[in-house]
$ cat input_25.cif   # mmCIF, C-alpha atoms
data_structure
#
loop_
_atom_site.label_atom_id
_atom_site.label_comp_id
_atom_site.auth_asym_id
_atom_site.auth_seq_id
_atom_site.Cartn_x
_atom_site.Cartn_y
_atom_site.Cartn_z
CA MET A 1 -26.06 139.40 -27.00
CA ASN A 2 -24.79 138.89 -23.45
CA LYS A 3 -23.70 141.82 -21.26
CA ARG A 4 -19.99 141.40 -21.94
CA ASP A 5 -20.50 141.30 -25.70
CA LYS A 6 -22.79 144.33 -25.50
CA PHE A 7 -20.05 146.16 -23.57
CA TYR A 8 -17.44 145.11 -26.16
CA PHE A 9 -19.75 146.26 -28.96
CA TRP A 10 -20.05 149.75 -27.47
CA TYR A 11 -16.33 149.83 -26.63
CA PHE A 12 -15.51 149.31 -30.30
CA VAL A 13 -18.15 151.75 -31.54
CA PHE A 14 -16.81 154.50 -29.26
CA HIS A 15 -13.19 153.62 -29.97
CA ILE A 16 -13.55 154.26 -33.72
CA PRO A 17 -13.77 158.08 -33.48
CA ILE A 18 -11.07 158.15 -30.77
CA THR A 19 -8.70 156.30 -33.07
CA VAL A 20 -9.58 158.39 -36.13
CA LEU A 21 -9.49 161.76 -34.39
CA ILE A 22 -6.84 161.34 -31.68
CA ASP A 23 -4.67 158.25 -32.01
CA SER A 24 -4.14 158.67 -35.75
CA CYS A 25 -2.13 161.81 -34.93
CA LEU A 26 0.71 159.49 -33.99
CA VAL A 27 1.25 158.86 -37.70
CA VAL A 28 -0.52 161.73 -39.48
CA PRO A 29 1.77 164.77 -39.67
CA ARG A 30 0.34 168.01 -38.27
CA ALA A 31 0.20 169.63 -41.71
CA PHE A 32 -2.21 166.93 -42.93
CA ARG A 33 -4.58 166.90 -39.98
CA HIS A 34 -8.13 168.17 -40.23
CA PRO A 35 -8.56 171.38 -38.15
CA VAL A 36 -11.05 169.64 -35.83
CA GLN A 37 -8.59 166.80 -35.32
CA ALA A 38 -5.72 169.23 -34.61
CA TYR A 39 -7.90 171.14 -32.12
CA LEU A 40 -8.96 167.95 -30.28
CA VAL A 41 -5.41 166.66 -30.02
CA ASP A 42 -4.08 170.03 -28.79
CA PHE A 43 -6.94 170.24 -26.28
CA HIS A 44 -6.19 166.71 -25.03
CA ILE A 45 -2.44 167.40 -24.76
CA ASN A 46 -2.99 170.63 -22.83
CA LEU A 47 -5.70 169.23 -20.56
CA ASN A 48 -3.99 165.93 -19.75
CA LYS A 49 -0.31 166.90 -20.17
CA ASP A 50 0.00 163.95 -22.57
CA PHE A 51 3.66 164.14 -23.54
CA LEU A 52 3.32 160.92 -25.52
CA LEU A 53 1.13 162.62 -28.12
CA GLN A 54 2.98 165.91 -27.97
CA ASP A 55 6.22 164.46 -29.31
CA PRO A 56 5.66 160.75 -29.98
CA PRO A 57 8.77 158.57 -29.90
CA LEU A 58 9.36 156.26 -32.86
CA TRP A 59 8.16 153.15 -31.00
CA LEU A 60 4.84 154.90 -30.28
CA GLN A 61 4.50 155.93 -33.92
CA VAL A 62 4.90 152.26 -34.87
CA PHE A 63 2.19 151.34 -32.33
CA GLY A 64 0.01 154.10 -33.84
CA ALA A 65 0.47 152.73 -37.36
CA PHE A 66 -0.46 149.28 -36.11
CA GLU A 67 -3.55 150.73 -34.46
CA LEU A 68 -4.64 152.39 -37.71
CA PHE A 69 -3.98 149.46 -40.01
CA PHE A 70 -4.85 146.50 -37.75
CA GLN A 71 -6.95 147.69 -34.84
CA LEU A 72 -9.20 150.19 -36.63
CA PRO A 73 -10.46 147.59 -39.15
CA VAL A 74 -10.93 145.18 -36.21
CA PHE A 75 -13.12 147.80 -34.47
CA PHE A 76 -15.52 147.82 -37.43
CA LEU A 77 -15.45 144.04 -37.88
CA ALA A 78 -15.83 143.34 -34.17
CA ALA A 79 -18.77 145.73 -33.77
CA TYR A 80 -20.49 144.17 -36.78
CA LYS A 81 -19.86 140.56 -35.73
CA LEU A 82 -20.79 141.21 -32.09
CA TYR A 83 -24.00 142.87 -33.24
CA GLN A 84 -24.76 139.76 -35.32
CA GLY A 85 -23.96 137.50 -32.39
CA ARG A 86 -21.18 135.68 -34.25
CA ARG A 87 -18.99 133.68 -31.85
CA ASN A 88 -16.08 133.36 -34.28
CA ILE A 89 -15.13 137.02 -33.64
CA HIS A 90 -13.62 135.95 -30.32
CA VAL A 91 -10.50 134.64 -32.06
CA ILE A 92 -9.83 138.17 -33.31
CA LEU A 93 -10.87 139.71 -29.97
CA ALA A 94 -8.28 137.59 -28.17
CA LEU A 95 -5.59 138.79 -30.60
CA TYR A 96 -6.76 142.39 -30.38
CA GLY A 97 -6.90 142.20 -26.59
CA PHE A 98 -3.31 141.00 -26.43
CA ASN A 99 -2.05 143.64 -28.84
CA ALA A 100 -3.92 146.55 -27.27
CA SER A 101 -3.12 145.63 -23.68
CA PHE A 102 0.55 145.04 -24.49
CA THR A 103 1.03 148.34 -26.33
CA THR A 104 -0.81 150.23 -23.59
CA ALA A 105 1.30 148.54 -20.93
CA VAL A 106 4.40 149.80 -22.73
CA CYS A 107 2.93 153.33 -22.79
CA LEU A 108 2.06 153.15 -19.09
CA ALA A 109 5.54 151.95 -18.22
CA TYR A 110 7.00 154.86 -20.18
CA VAL A 111 4.65 157.33 -18.43
CA ALA A 112 5.55 155.89 -15.01
CA LYS A 113 9.28 156.09 -15.70
CA SER A 114 9.52 159.31 -17.74
CA ALA A 115 6.75 161.69 -16.64
CA HIS A 116 9.12 163.69 -14.42
CA LEU A 117 11.39 164.33 -17.43
CA TYR A 118 8.49 166.18 -19.08
CA GLY A 119 7.77 168.30 -15.99
CA LEU A 120 4.69 166.41 -14.80
CA THR A 121 3.87 166.44 -11.13
CA ILE A 122 3.01 163.17 -9.37
CA GLU A 123 -0.69 164.08 -9.60
CA GLU A 124 -0.45 164.87 -13.34
CA LYS A 125 1.41 161.60 -13.93
CA TRP A 126 -1.31 159.60 -12.16
CA ASN A 127 -4.04 161.48 -14.05
CA LEU A 128 -2.37 160.52 -17.33
CA PHE A 129 -1.93 157.00 -16.03
CA ALA A 130 -5.65 156.85 -15.19
CA LEU A 131 -6.51 158.08 -18.69
CA TYR A 132 -4.58 155.22 -20.32
CA ALA A 133 -5.40 152.47 -17.79
CA PRO A 134 -8.80 151.51 -19.28
CA TYR A 135 -7.03 150.77 -22.58
CA LEU A 136 -4.96 148.22 -20.70
CA ILE A 137 -7.67 146.77 -18.46
CA ILE A 138 -10.52 146.39 -20.98
CA PRO A 139 -8.48 144.73 -23.75
CA ALA A 140 -6.70 142.47 -21.23
CA PHE A 141 -10.06 141.36 -19.84
CA MET A 142 -11.36 140.91 -23.40
CA MET A 143 -8.34 138.76 -24.27
CA VAL A 144 -8.79 136.46 -21.26
CA ASP A 145 -12.58 136.31 -21.66
CA SER A 146 -12.35 135.48 -25.37
CA ALA A 147 -9.60 132.90 -24.83
CA LEU A 148 -11.65 131.18 -22.11
CA ARG A 149 -14.75 131.14 -24.31
CA LEU A 150 -12.79 129.71 -27.21
CA SER A 151 -11.36 127.02 -24.95
CA ILE A 152 -14.85 126.08 -23.72
CA TRP A 153 -16.22 125.97 -27.27
CA VAL A 154 -13.35 123.81 -28.49
CA ASP A 155 -13.85 121.43 -25.55
CA GLU A 156 -17.58 121.22 -26.32
CA ALA A 157 -16.88 120.50 -29.99
CA GLN A 158 -14.34 117.82 -29.06
CA ARG A 159 -16.79 116.15 -26.65
CA LYS A 160 -19.49 116.13 -29.35
CA GLU A 161 -17.06 114.70 -31.88
CA GLN A 162 -15.93 112.02 -29.40
CA ALA A 163 -19.55 111.10 -28.64
CA LYS A 164 -20.22 110.81 -32.38
CA ILE A 165 -17.17 108.56 -32.86
CA GLU A 166 -18.21 106.35 -29.94
CA LYS A 167 -21.75 106.09 -31.29
CA ASN A 168 -20.45 105.06 -34.72
CA GLU A 169 -18.08 102.51 -33.13
CA LYS A 170 -21.00 100.98 -31.19
CA LYS A 171 -23.02 100.74 -34.41
CA ALA A 172 -20.08 99.11 -36.15
CA LEU A 173 -19.64 96.60 -33.31
CA LYS A 174 -23.36 95.89 -33.34
CA GLY A 175 -23.19 95.33 -37.08
CA LYS A 176 -20.25 92.92 -36.72
CA SER A 177 -22.07 91.04 -33.96
CA SER A 178 -25.15 90.66 -36.15
CA ALA A 179 -23.03 89.45 -39.04
CA ARG A 180 -21.42 86.79 -36.81
CA LYS A 181 -24.83 85.59 -35.65
CA ILE A 182 -25.98 85.25 -39.25
CA LYS A 183 -22.81 83.31 -40.16
CA LYS A 184 -23.28 80.95 -37.19
CA SER A 185 -26.87 80.29 -38.12
CA LEU A 186 -25.88 79.28 -41.66
#
$ encode --input "input_25.cif" --output "structure tokens"
Amino acid sequence: MNKRDKFYFWYFVFHIPITVLIDSCLVVPRAFRHPVQAYLVDFHINLNKDFLLQDPPLWLQVFGAFELFFQLPVFFLAAYKLYQGRRNIHVILALYGFNASFTTAVCLAYVAKSAHLYGLTIEEKWNLFALYAPYLIIPAFMMVDSALRLSIWVDEAQRKEQAKIEKNEKKALKGKSSARKIKKSL
């Protein structure tokens, strides 16, 4: 496993409990949360002044549902496939990277525009921004990296296929040439 894939592996492994314990609160009503989960979310909200989790708008709840039902299974699959060294996971990583970076960009835009409405100081806004930024940067990098790898692998496969076609065409031409020689000699 190369260094990037090792990093992605650990990113997904660590992201599983974050999603289950924190991000799932976007869709799991408070009454149904485990006490540990409720404590962690309250602690996070108080420490980081995260107004997004305190009273999530509908669009963020939709993003949260998508994270639970699309991204969370991808975390398990990606960790498993990366551990196995399976290259085909990069198709899913490119899709995940787009989805995660896009939804985080929306959250960051909302934080940048609305933090003052929730009483955050400039410093508190930038602290919250810094907390979310890795969830934009890492998936965006993963998306580009995976897309580039896929492009390289497709190009390699096409070159191999073209070389195979050309080799078969040469054999066919050689066969026709031999057949002509035999006909002429008769």
$ resolve_selection --input "input_25.cif" --expression "the PyMOL selection byres ((chain A and resi 3-5) around 10)" --output "PDB file with C-alpha atoms, in the frame of the given file"
ATOM      1  CA  MET A   1     -26.060 139.400 -27.000  1.00  0.00           C
ATOM      2  CA  ASN A   2     -24.790 138.890 -23.450  1.00  0.00           C
ATOM      3  CA  LYS A   6     -22.790 144.330 -25.500  1.00  0.00           C
ATOM      4  CA  PHE A   7     -20.050 146.160 -23.570  1.00  0.00           C
ATOM      5  CA  TYR A   8     -17.440 145.110 -26.160  1.00  0.00           C
ATOM      6  CA  PHE A   9     -19.750 146.260 -28.960  1.00  0.00           C
ATOM      7  CA  TRP A  10     -20.050 149.750 -27.470  1.00  0.00           C
ATOM      8  CA  TYR A  11     -16.330 149.830 -26.630  1.00  0.00           C
ATOM      9  CA  ALA A  78     -15.830 143.340 -34.170  1.00  0.00           C
ATOM     10  CA  ALA A  79     -18.770 145.730 -33.770  1.00  0.00           C
ATOM     11  CA  LEU A  82     -20.790 141.210 -32.090  1.00  0.00           C
ATOM     12  CA  TYR A  83     -24.000 142.870 -33.240  1.00  0.00           C
ATOM     13  CA  GLY A  85     -23.960 137.500 -32.390  1.00  0.00           C
ATOM     14  CA  ARG A  87     -18.990 133.680 -31.850  1.00  0.00           C
ATOM     15  CA  HIS A  90     -13.620 135.950 -30.320  1.00  0.00           C
ATOM     16  CA  MET A 142     -11.360 140.910 -23.400  1.00  0.00           C
ATOM     17  CA  ASP A 145     -12.580 136.310 -21.660  1.00  0.00           C
TER      18      ASP A 145
END
$ atom_distance --input "input_25.cif" --atom1 "CA of Gly97 in chain A" --atom2 "CA of Ala140 in chain A"
5.4 Å
$ atom_distance --input "input_25.cif" --atom1 "CA of Leu52 in chain A" --atom2 "CA of Val74 in chain A"
23.8 Å
$ atom_distance --input "input_25.cif" --atom1 "CA of Leu108 in chain A" --atom2 "CA of Leu136 in chain A"
8.7 Å
$ resolve_selection --input "input_25.cif" --expression "the PyMOL selection byres ((chain A and resi 16) around 12)" --output "ChimeraX atom specification"
/A:9-15,17-24,67-68,71-79
$ resolve_selection --input "input_25.cif" --expression "the PyMOL selection byres ((chain A and resi 103) around 12)" --output "ChimeraX atom specification"
/A:59-67,71,96-102,104-110,132-133,135-137,139-140
$ closest_residue --input "input_25.cif" --among "A:Ala163, A:Ile138, A:Gly119, A:Ile92" --to "Leu150 in chain A" --atoms "only C-alpha atoms"
A:Ile92
$ closest_residue --input "input_25.cif" --among "A:Ser146, A:Trp153, A:Asp50, A:Gln37" --to "Trp126 in chain A" --atoms "all atoms listed in the file"
A:Asp50
$ decode --input "input_25.cif" --residues "range 106-142 of chain A" --atoms "N, CA and C atoms" --output "CSV table (one decimal), in the first residue's frame"
chain,number,residue,atom,x,y,z
A,106,VAL,N,-20.3,23.6,1.2
A,106,VAL,CA,-21.6,24.2,1.5
A,106,VAL,C,-21.6,24.6,3.0
A,107,CYS,N,-21.2,23.7,3.8
A,107,CYS,CA,-21.2,24.0,5.3
A,107,CYS,C,-20.2,25.2,5.6
A,108,LEU,N,-19.0,25.2,5.0
A,108,LEU,CA,-18.1,26.2,5.2
A,108,LEU,C,-18.6,27.6,4.7
A,109,ALA,N,-19.3,27.6,3.6
A,109,ALA,CA,-19.9,28.8,3.0
A,109,ALA,C,-20.9,29.3,4.0
A,110,TYR,N,-21.7,28.4,4.6
A,110,TYR,CA,-22.7,28.8,5.5
A,110,TYR,C,-22.1,29.4,6.8
A,111,VAL,N,-21.0,28.7,7.3
A,111,VAL,CA,-20.3,29.2,8.5
A,111,VAL,C,-19.7,30.6,8.2
A,112,ALA,N,-19.1,30.8,7.0
A,112,ALA,CA,-18.5,32.1,6.7
A,112,ALA,C,-19.5,33.2,6.6
A,113,LYS,N,-20.7,32.9,6.1
A,113,LYS,CA,-21.7,33.9,5.9
A,113,LYS,C,-22.6,34.1,7.1
A,114,SER,N,-22.8,33.1,8.0
A,114,SER,CA,-23.8,33.2,9.0
A,114,SER,C,-23.3,33.1,10.4
A,115,ALA,N,-22.0,32.9,10.6
A,115,ALA,CA,-21.5,32.8,12.0
A,115,ALA,C,-21.9,34.0,12.9
A,116,HIS,N,-21.8,35.2,12.4
A,116,HIS,CA,-22.2,36.3,13.2
A,116,HIS,C,-23.6,36.3,13.7
A,117,LEU,N,-24.5,35.7,12.9
A,117,LEU,CA,-25.9,35.6,13.3
A,117,LEU,C,-26.1,34.7,14.5
A,118,TYR,N,-25.1,33.9,14.8
A,118,TYR,CA,-25.2,33.0,16.0
A,118,TYR,C,-24.3,33.4,17.1
A,119,GLY,N,-23.8,34.7,17.0
A,119,GLY,CA,-23.0,35.3,18.1
A,119,GLY,C,-21.6,34.9,18.1
A,120,LEU,N,-21.0,34.3,17.0
A,120,LEU,CA,-19.6,33.9,17.0
A,120,LEU,C,-18.7,35.1,16.7
A,121,THR,N,-17.6,35.2,17.4
A,121,THR,CA,-16.6,36.2,17.1
A,121,THR,C,-15.9,35.7,15.9
A,122,ILE,N,-15.1,36.6,15.3
A,122,ILE,CA,-14.3,36.3,14.2
A,122,ILE,C,-13.4,35.1,14.5
A,123,GLU,N,-12.8,35.1,15.7
A,123,GLU,CA,-11.9,34.0,16.1
A,123,GLU,C,-12.6,32.7,16.2
A,124,GLU,N,-13.8,32.7,16.8
A,124,GLU,CA,-14.6,31.5,16.9
A,124,GLU,C,-15.1,31.0,15.5
A,125,LYS,N,-15.4,31.9,14.6
A,125,LYS,CA,-15.8,31.5,13.3
A,125,LYS,C,-14.6,30.8,12.6
A,126,TRP,N,-13.4,31.4,12.7
A,126,TRP,CA,-12.3,30.8,12.0
A,126,TRP,C,-11.9,29.4,12.7
A,127,ASN,N,-12.1,29.3,14.0
A,127,ASN,CA,-11.8,28.0,14.7
A,127,ASN,C,-12.8,27.0,14.1
A,128,LEU,N,-14.0,27.3,14.0
A,128,LEU,CA,-15.0,26.4,13.4
A,128,LEU,C,-14.7,26.1,12.0
A,129,PHE,N,-14.3,27.1,11.2
A,129,PHE,CA,-13.8,26.9,9.9
A,129,PHE,C,-12.7,25.9,9.8
A,130,ALA,N,-11.7,26.1,10.7
A,130,ALA,CA,-10.5,25.2,10.7
A,130,ALA,C,-10.9,23.8,11.1
A,131,LEU,N,-11.9,23.6,11.9
A,131,LEU,CA,-12.4,22.3,12.3
A,131,LEU,C,-13.0,21.5,11.1
A,132,TYR,N,-13.7,22.3,10.2
A,132,TYR,CA,-14.4,21.6,9.0
A,132,TYR,C,-13.4,21.5,7.8
A,133,ALA,N,-12.5,22.4,7.7
A,133,ALA,CA,-11.6,22.5,6.5
A,133,ALA,C,-11.0,21.1,6.1
A,134,PRO,N,-10.5,20.3,7.0
A,134,PRO,CA,-9.9,19.0,6.6
A,134,PRO,C,-10.9,18.1,5.9
A,135,TYR,N,-12.2,18.3,6.2
A,135,TYR,CA,-13.2,17.5,5.5
A,135,TYR,C,-13.6,18.0,4.2
A,136,LEU,N,-13.0,19.2,3.8
A,136,LEU,CA,-13.1,19.7,2.4
A,136,LEU,C,-11.8,19.3,1.7
A,137,ILE,N,-10.6,19.5,2.3
A,137,ILE,CA,-9.3,19.4,1.7
A,137,ILE,C,-9.0,17.9,1.4
A,138,ILE,N,-9.2,17.0,2.4
A,138,ILE,CA,-8.8,15.6,2.2
A,138,ILE,C,-9.7,15.0,1.2
A,139,PRO,N,-11.0,15.1,1.2
A,139,PRO,CA,-11.8,14.4,0.2
A,139,PRO,C,-11.6,15.1,-1.2
A,140,ALA,N,-11.3,16.4,-1.3
A,140,ALA,CA,-11.1,17.0,-2.6
A,140,ALA,C,-9.8,16.4,-3.2
A,141,PHE,N,-8.8,16.3,-2.3
A,141,PHE,CA,-7.5,15.7,-2.8
A,141,PHE,C,-7.7,14.3,-3.2
A,142,MET,N,-8.5,13.5,-2.4
A,142,MET,CA,-8.8,12.1,-2.7
A,142,MET,C,-9.5,12.0,-4.1
